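Engineer: Here it is, the structure, as structure tokens.
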Amino acid sequence: MSRFTFRRDARRPGAPARLTRRGALLFGAQALVASGLFWRLKKLQIDAAEEYLMMAEENRINVRLIPPARGEITDRTGRPLAVNRQNYRVVMIREQAGDVEAVLDDLSRVIDIPPHQRSRALREIRSKSAFVPVTVAENLDWDAFARINVNAPALPGVAPEVGLTRHYPEGAAFGHVVGYVGRFSEADRNREDADDPLFQIPDFHIGKTGVERVKESVLRGAAGASRIEVNAVGRVIREIDRAEGVAGANLGLTLDIDMQRYALNQLEGESAAAVLMEIESGDILALASTPGYDPNKFVVGISQREWSALLEDPYRPLANKAVSGQYPPGSTFKMVVALAALEAGMVGPDERVFCNGRYKLGDRYFHCWRRGGHGHVALRDAIKFSCDVYFYEVARRVGVERISEMAGRFGLGVRPNLPVTAVQAGLTPTKAWKQASYGESWQIGDTLNTGIGQGFVLASPIQLATMAARIGGDGRRVEPRLIRTVDGAPAPMVEAPPLGVSAAHLRLVREGMFAVSNERRGTGYRSRIAEAAMALAGKSGTSQVRRITAAERARGVTRNEDLPWERRDHALFVAFAPYDRPRYAAAVIVEHGGGGSAVAGPIVRNMLMRALYGPEPPLRAYPAREREEIRRRREEEQREPDLGADSTRNRA
């Protein structure tokens, strides 16, 4: 004890020392400090032991997400369109490599590393921690991967790895529809699901376009987790345990690989689009757009040179014209105008309109495509001959509002609900629309142009195919469908309510389309199916992309083949077949292709024949004038089996 703590009583020798007041205060203070220390020690070691243990574990144990296997995409028969395959790749760890540039130079002597790929790898290597692996090259073939393994001892910091990557076996044939995946980027952070923890995984790939983009949440799956032990600087020591993620759902599309290839073959060399649908189910069997692009190039990163070539191509290979292309439908729109007039009671089935080749409105003339006119025509023959003057008069009577409303019933001006990107709604104009868009009043001349599918009217090939399916169907609002199964289970069918159009009026329009393709002087007669049981009903369309002046008409309208490509008319054709019991509907547009009946008509006919008969329709199904040519081509193909039925040499 301190010398200040106790003292003896001087009057009582040998008496025990007594605690003084000062000593008591000092003892009390010491006791208080000791109690505080004991309480704090109890708090740290007993009461908060679990909390501090967890904090210590968090410093030592990291949880890393494991990307799940992405769901695969197949056609209607289960053939692969988007799959996961082994990805032979090579990674580099900066702290082990030392001189990164020198090691990359050595690696480039073993495998080919394009300049843009090397630049990307260097950016990542410099931006990440020295011990973090960075992918330098991926999707290597086995020979390249083997060379890396053999030369690994001479490449410090370089390690070969095997992972999974997305692959599109059909390449450009389904690029527009299926789309492609790419690395999650800053541009993707405005997505509605951008808070998914999976996006924090370095180099994680997500859908960028097509079905891959729209069905991303279904295809992605759920992350797994790996608990790993790390040291003080974050380097991995060991894996403690692992829980695998949940794979994404597999999607089966309604598309048919063979039908898609055939449609693309028919469009070879054109800037064009084609759609083939089942009328009963709405299943899309072909959704083709040419030219296309190989989605596999985008998975690993496309070069600037290739990207620029795609952007500068006047045929727009990146555009899915089947759903995003918006074109004046031309005369394929006339069935809608006819139904609007019939339903409104503005024209009768047998009422005739005289066509002398032009229609006078004030001091302006609106011309028919046939310069000498068609004489007196009723509705059925007006469709058969595609008489513009008849539809000028009918459109004037019925008005644009009724035409627009009827167009909506047949899928025009309405965005199709399809799981692909860039789907457009087209346009069926109204008076209010023009006032809002241009600040101008609607004119009667606008109505006349609308009556022949020109002016402001716009439609996509998928919309025109839907229109043809609804005309050919049993009065139902058929909806196009692209997803057939999800993880093997049938996708729900969309209910098809009635169109609300008179069956008699639909029958009259169908008769006009039958006459187009099966009666002489019909605009699509040369593109018919000759066998009566499979006869198609169609309608051609030729939409102008330029204005023909009065001076040009006076000297003679310049032929399409004499114009620059970009000033030629678009060629369109829509049809359904067989006429008596419709099963399929189709639409084709060939940009700047010229006449619809001459260019688009044969393509639609061939697609329908392929769907009805299979890969080799009988010769009797072709018009007599074509049979010898078809027979000769087939004999040539038998002598050259490597070309196959879908060869670009065979457009029949």
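Convention: chains lettered A, B, ... in structure tokens order; per-chain residue numbering from 1; ligands numbered from 1 as shown.
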Report as a ChimeraX atom specification all protein, DNA and RNA residues lying within 10 Å of Asp203 in chain A, evaluated on only C-alpha atoms, omitting residues in the same chain fewer than 4 positions from it.
Structural biologist: /A:134-135,182-185,199
Engineer: Any chance you can output those residues with C-alpha atoms as a short mmCIF file (atom, residue, chain, number, x, y, z; two decimals), in the first residue's frame?
Structural biologist:
data_model
loop_
_atom_site.label_atom_id
_atom_site.label_comp_id
_atom_site.auth_asym_id
_atom_site.auth_seq_id
_atom_site.Cartn_x
_atom_site.Cartn_y
_atom_site.Cartn_z
CA VAL A 134 -7.66 -10.89 -66.54
CA THR A 135 -8.84 -12.62 -69.71
CA GLY A 182 -22.02 -9.22 -74.39
CA ARG A 183 -20.21 -7.95 -71.31
CA PHE A 184 -22.28 -5.99 -68.79
CA SER A 185 -21.26 -2.37 -69.32
CA PHE A 199 -23.78 -8.00 -62.74
#
Engineer: May I have all residues of range 544-632 of chain A that DSSP, computed from the backbone, assigns to strand (DSSP E), given as a PyMOL selection string?
Structural biologist: chain A and resi 570-577+584-590
Engineer: Between CA of Gly426 in chain A and CA of Leu219 in chain A, what is the distance, to one decimal in Å?
Structural biologist: 29.3 Å
Engineer: Which residues are close to range 222-225 of chain A, i.e. within 6 Å by only C-alpha atoms, leaving aside same-chain residues fewer than 3 positions away? Reply as JSON, numbers by chain.
Structural biologist: {"A": [64, 65, 66, 67, 68, 242, 243, 244, 245, 246]}
Engineer: If you run DSSP on the backbone, which residues of range 82-329 of chain A are helix (DSSP H, G or I), as JSON, numbers by chain?
Structural biologist: {"A": [94, 95, 96, 97, 100, 101, 102, 103, 104, 105, 106, 107, 108, 115, 116, 117, 118, 119, 120, 121, 122, 123, 124, 125, 126, 127, 142, 143, 144, 145, 146, 147, 148, 149, 150, 151, 152, 153, 154, 171, 172, 173, 174, 175, 176, 177, 178, 186, 187, 188, 189, 190, 197, 198, 199, 200, 210, 211, 212, 213, 214, 216, 217, 218, 219, 220, 257, 258, 259, 260, 261, 262, 263, 264, 265, 266, 296, 297, 298, 299, 300, 304, 305, 306, 307, 308, 309, 310, 311, 312, 321, 322, 323, 324]}
Engineer: Could you turn the residues from that selection into a file that holds C-alpha atoms, as a short mmCIF file (atom, residue, chain, number, x, y, z; two decimals), in the first residue's frame?
Structural biologist:
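As a result, result.cif now contains:
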data_model
loop_
_atom_site.label_atom_id
_atom_site.label_comp_id
_atom_site.auth_asym_id
_atom_site.auth_seq_id
_atom_site.Cartn_x
_atom_site.Cartn_y
_atom_site.Cartn_z
CA ARG A 94 0.02 -9.05 -63.48
CA GLU A 95 2.07 -9.65 -60.32
CA GLN A 96 3.28 -12.98 -61.69
CA ALA A 97 3.91 -11.73 -65.22
CA VAL A 100 3.21 -7.42 -69.03
CA GLU A 101 4.00 -5.99 -72.48
CA ALA A 102 6.89 -8.41 -72.99
CA VAL A 103 4.80 -11.40 -71.93
CA LEU A 104 2.00 -10.32 -74.30
CA ASP A 105 4.57 -10.10 -77.10
CA ASP A 106 5.68 -13.66 -76.35
CA LEU A 107 2.07 -14.84 -76.12
CA SER A 108 1.30 -13.26 -79.52
CA PRO A 115 -4.84 -5.34 -81.62
CA HIS A 116 -8.26 -4.35 -80.24
CA GLN A 117 -8.27 -7.43 -78.00
CA ARG A 118 -4.76 -6.68 -76.71
CA SER A 119 -5.71 -3.06 -75.96
CA ARG A 120 -8.76 -4.14 -73.99
CA ALA A 121 -6.73 -6.67 -71.99
CA LEU A 122 -4.08 -4.06 -71.14
CA ARG A 123 -6.73 -1.62 -69.91
CA GLU A 124 -8.20 -4.24 -67.61
CA ILE A 125 -4.80 -5.44 -66.36
CA ARG A 126 -3.83 -1.90 -65.38
CA SER A 127 -7.16 -1.09 -63.75
CA TRP A 142 -8.09 -26.78 -79.35
CA ASP A 143 -4.82 -26.36 -81.25
CA ALA A 144 -4.27 -22.86 -79.90
CA PHE A 145 -5.22 -23.97 -76.40
CA ALA A 146 -2.77 -26.87 -76.62
CA ARG A 147 0.03 -24.53 -77.73
CA ILE A 148 -0.64 -22.35 -74.68
CA ASN A 149 -0.35 -25.37 -72.38
CA VAL A 150 2.87 -26.51 -73.99
CA ASN A 151 4.44 -23.05 -73.77
CA ALA A 152 3.06 -22.14 -70.33
CA PRO A 153 6.44 -22.57 -68.50
CA ALA A 154 7.93 -19.87 -70.72
CA GLY A 171 -24.74 -17.84 -87.15
CA ALA A 172 -26.31 -15.10 -89.25
CA ALA A 173 -29.45 -17.12 -90.04
CA PHE A 174 -30.95 -16.31 -86.61
CA GLY A 175 -28.81 -13.35 -85.58
CA HIS A 176 -31.65 -10.82 -85.81
CA VAL A 177 -34.11 -12.93 -83.84
CA VAL A 178 -32.01 -14.67 -81.19
CA GLU A 186 -21.94 1.06 -67.88
CA ALA A 187 -24.53 1.57 -70.58
CA ASP A 188 -26.50 -1.35 -69.10
CA ARG A 189 -26.81 0.20 -65.65
CA ASN A 190 -30.11 1.87 -66.54
CA PRO A 197 -25.71 -9.15 -57.88
CA LEU A 198 -24.62 -11.21 -60.90
CA PHE A 199 -23.78 -8.00 -62.74
CA GLN A 200 -20.97 -7.41 -60.26
CA GLY A 210 -33.14 -10.08 -79.72
CA VAL A 211 -34.60 -12.81 -77.55
CA GLU A 212 -31.36 -12.81 -75.53
CA ARG A 213 -32.14 -9.25 -74.42
CA VAL A 214 -35.91 -9.38 -73.94
CA GLU A 216 -32.67 -11.97 -70.16
CA SER A 217 -34.23 -12.49 -66.74
CA VAL A 218 -35.57 -15.91 -67.78
CA LEU A 219 -32.37 -17.08 -69.44
CA ARG A 220 -29.96 -15.73 -66.80
CA ILE A 257 -34.51 -23.90 -88.83
CA ASP A 258 -35.22 -25.37 -92.27
CA MET A 259 -37.93 -22.83 -93.04
CA GLN A 260 -35.75 -19.95 -91.86
CA ARG A 261 -32.83 -21.09 -94.01
CA TYR A 262 -35.14 -21.47 -96.99
CA ALA A 263 -36.60 -17.98 -96.54
CA LEU A 264 -33.12 -16.49 -96.32
CA ASN A 265 -32.14 -18.39 -99.44
CA GLN A 266 -35.09 -16.87 -101.27
CA ASN A 296 -20.76 -14.88 -82.56
CA LYS A 297 -18.51 -11.95 -83.47
CA PHE A 298 -20.17 -9.82 -80.80
CA VAL A 299 -19.70 -12.32 -77.97
CA VAL A 300 -15.93 -11.84 -77.81
CA GLN A 304 -13.83 -1.52 -85.17
CA ARG A 305 -13.30 -2.33 -88.85
CA GLU A 306 -16.05 -4.96 -88.86
CA TRP A 307 -18.39 -2.72 -86.87
CA SER A 308 -17.88 0.18 -89.26
CA ALA A 309 -18.54 -2.08 -92.24
CA LEU A 310 -21.88 -3.13 -90.74
CA LEU A 311 -22.89 0.46 -89.99
CA GLU A 312 -21.95 1.76 -93.44
CA LYS A 321 -36.38 -5.48 -91.09
CA ALA A 322 -39.06 -8.10 -90.38
CA VAL A 323 -40.12 -6.29 -87.18
CA SER A 324 -38.43 -2.89 -87.29
#
Engineer: In Å, rounded to a single decimal, give me how far CA of Glu479 in chain A is from CA of Asp283 in chain A.
Structural biologist: 8.4 Å
Engineer: Ranking A:Gly524, A:Asn560, A:Gly282, A:Gln544 by minimum distance to Asn417 in chain A and counting only C-alpha atoms, which one comes first?
Structural biologist: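 For Asn417 in chain A, the nearest of the candidates is A:Gly282.
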Engineer: Residues at most 8 Å from range 534-537 of chain A, counting only C-alpha atoms, excluding those fewer than 3 positions away in the same chain, as a list in words?
Structural biologist: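 The residues satisfying every condition are Arg510, Glu511, Met513, Phe514, Ala515, Val516, Ser517, Asn518, Arg528, Ile529, Ala530, Glu531, Ala575, Phe576, Ala577, Pro578, Tyr579, Arg605 and Leu612 of chain A.
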Engineer: Under the rule that only C-alpha atoms are counted, which of A:Gly455, A:Gly500, A:Gly163, A:Gly541 is the nearest residue to Val91 in chain A?
Structural biologist: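 So, comparing all the options, the nearest one is A:Gly163.
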Engineer: Report the distance between CA of Gly252 in chain A and CA of Thr209 in chain A in Å, rounded to one decimal place.
Structural biologist: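 Computed distance, CA of Gly252 in chain A to CA of Thr209 in chain A, equals 17.3 Å.
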Engineer: Can you pull out the residues contacting Pro349 in chain A? Cut-off 7 Å, using only C-alpha atoms, and skip same-chain residues under 2 positions away; I want them as a ChimeraX atom specification.
Structural biologist: /A:347,351,378-379
Engineer: Output the selection as a compact mmCIF listing (two decimals), in the first residue's frame - N, CA and C atoms for each residue.
Structural biologist:
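This went into result-v9.txt:
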# COMPACT_ATOMS: atom_id res chain seq x y z
N VAL A 347 -70.05 1.13 -99.55
CA VAL A 347 -69.92 0.53 -100.87
C VAL A 347 -70.56 -0.85 -100.82
N GLU A 351 -71.26 -2.83 -106.50
CA GLU A 351 -71.22 -1.45 -106.97
C GLU A 351 -69.95 -1.21 -107.78
N ALA A 378 -66.05 -3.60 -109.92
CA ALA A 378 -66.61 -3.76 -108.58
C ALA A 378 -65.49 -4.23 -107.65
N LEU A 379 -65.84 -4.42 -106.39
CA LEU A 379 -64.82 -4.65 -105.36
C LEU A 379 -63.93 -5.84 -105.66
Engineer: When distances are computed from only C-alpha atoms, which of A:Pro156, A:Tyr613, A:Leu339, A:Val486 shows the smallest separation from Gly71 in chain A?
Structural biologist: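 Closest candidate: A:Val486.
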Engineer: Go through A:Arg627, A:Arg415, A:Lys434, A:His374 one by one, measure the shortest atom-to-atom distance of each to Val400 in chain A using only C-alpha atoms, and give the residue with the smallest value.
Structural biologist: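 Residue with the minimum atom-to-atom distance to Val400 in chain A: A:Lys434.
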Engineer: So which residues touch Phe391 in chain A within 10 Å, counting only C-alpha atoms, skipping near sequence neighbours fewer than 4 positions away, as a ChimeraX atom specification?
Structural biologist: /A:331,334-335,337-338,341,353,368,379,382-383,386-387,395-397,448-453
Engineer: Output C-alpha atoms for every residue in the selection just made, as an mmCIF file, in the first residue's frame.
Structural biologist:
data_model
loop_
_atom_site.group_PDB
_atom_site.id
_atom_site.type_symbol
_atom_site.label_atom_id
_atom_site.label_comp_id
_atom_site.auth_asym_id
_atom_site.auth_seq_id
_atom_site.Cartn_x
_atom_site.Cartn_y
_atom_site.Cartn_z
ATOM 1 C CA SER A 331 -51.697 -2.069 -102.507
ATOM 2 C CA LYS A 334 -56.406 -2.242 -100.058
ATOM 3 C CA MET A 335 -58.125 -5.173 -98.315
ATOM 4 C CA VAL A 337 -59.834 -0.144 -97.049
ATOM 5 C CA ALA A 338 -62.355 -2.466 -98.679
ATOM 6 C CA ALA A 341 -66.054 0.581 -96.571
ATOM 7 C CA VAL A 353 -66.568 2.539 -110.079
ATOM 8 C CA CYS A 368 -53.883 4.676 -111.351
ATOM 9 C CA LEU A 379 -64.824 -4.645 -105.362
ATOM 10 C CA ALA A 382 -60.753 -3.938 -107.976
ATOM 11 C CA ILE A 383 -58.683 -6.177 -105.697
ATOM 12 C CA SER A 386 -55.406 -3.563 -107.888
ATOM 13 C CA CYS A 387 -57.296 -0.602 -109.324
ATOM 14 C CA ALA A 395 -61.358 5.857 -99.311
ATOM 15 C CA ARG A 396 -62.929 9.274 -99.943
ATOM 16 C CA ARG A 397 -66.345 7.890 -99.022
ATOM 17 C CA LEU A 448 -56.832 9.237 -101.142
ATOM 18 C CA ASN A 449 -53.159 8.400 -100.629
ATOM 19 C CA THR A 450 -54.071 6.357 -97.549
ATOM 20 C CA GLY A 451 -56.597 4.441 -99.671
ATOM 21 C CA ILE A 452 -53.791 2.885 -101.727
ATOM 22 C CA GLY A 453 -51.393 2.349 -98.805
#
Engineer: My list of candidates is A:Lys215, A:Arg484, A:Arg191, A:Arg639. Which is closest to Thr74 in chain A when distances are computed with only C-alpha atoms?
Structural biologist: A:Arg484
Engineer: Pick from A:Ala432, A:Ala532, A:Ala585, A:Ala159: nearest to Val478 in chain A, with only C-alpha atoms counted?
Structural biologist: A:Ala585
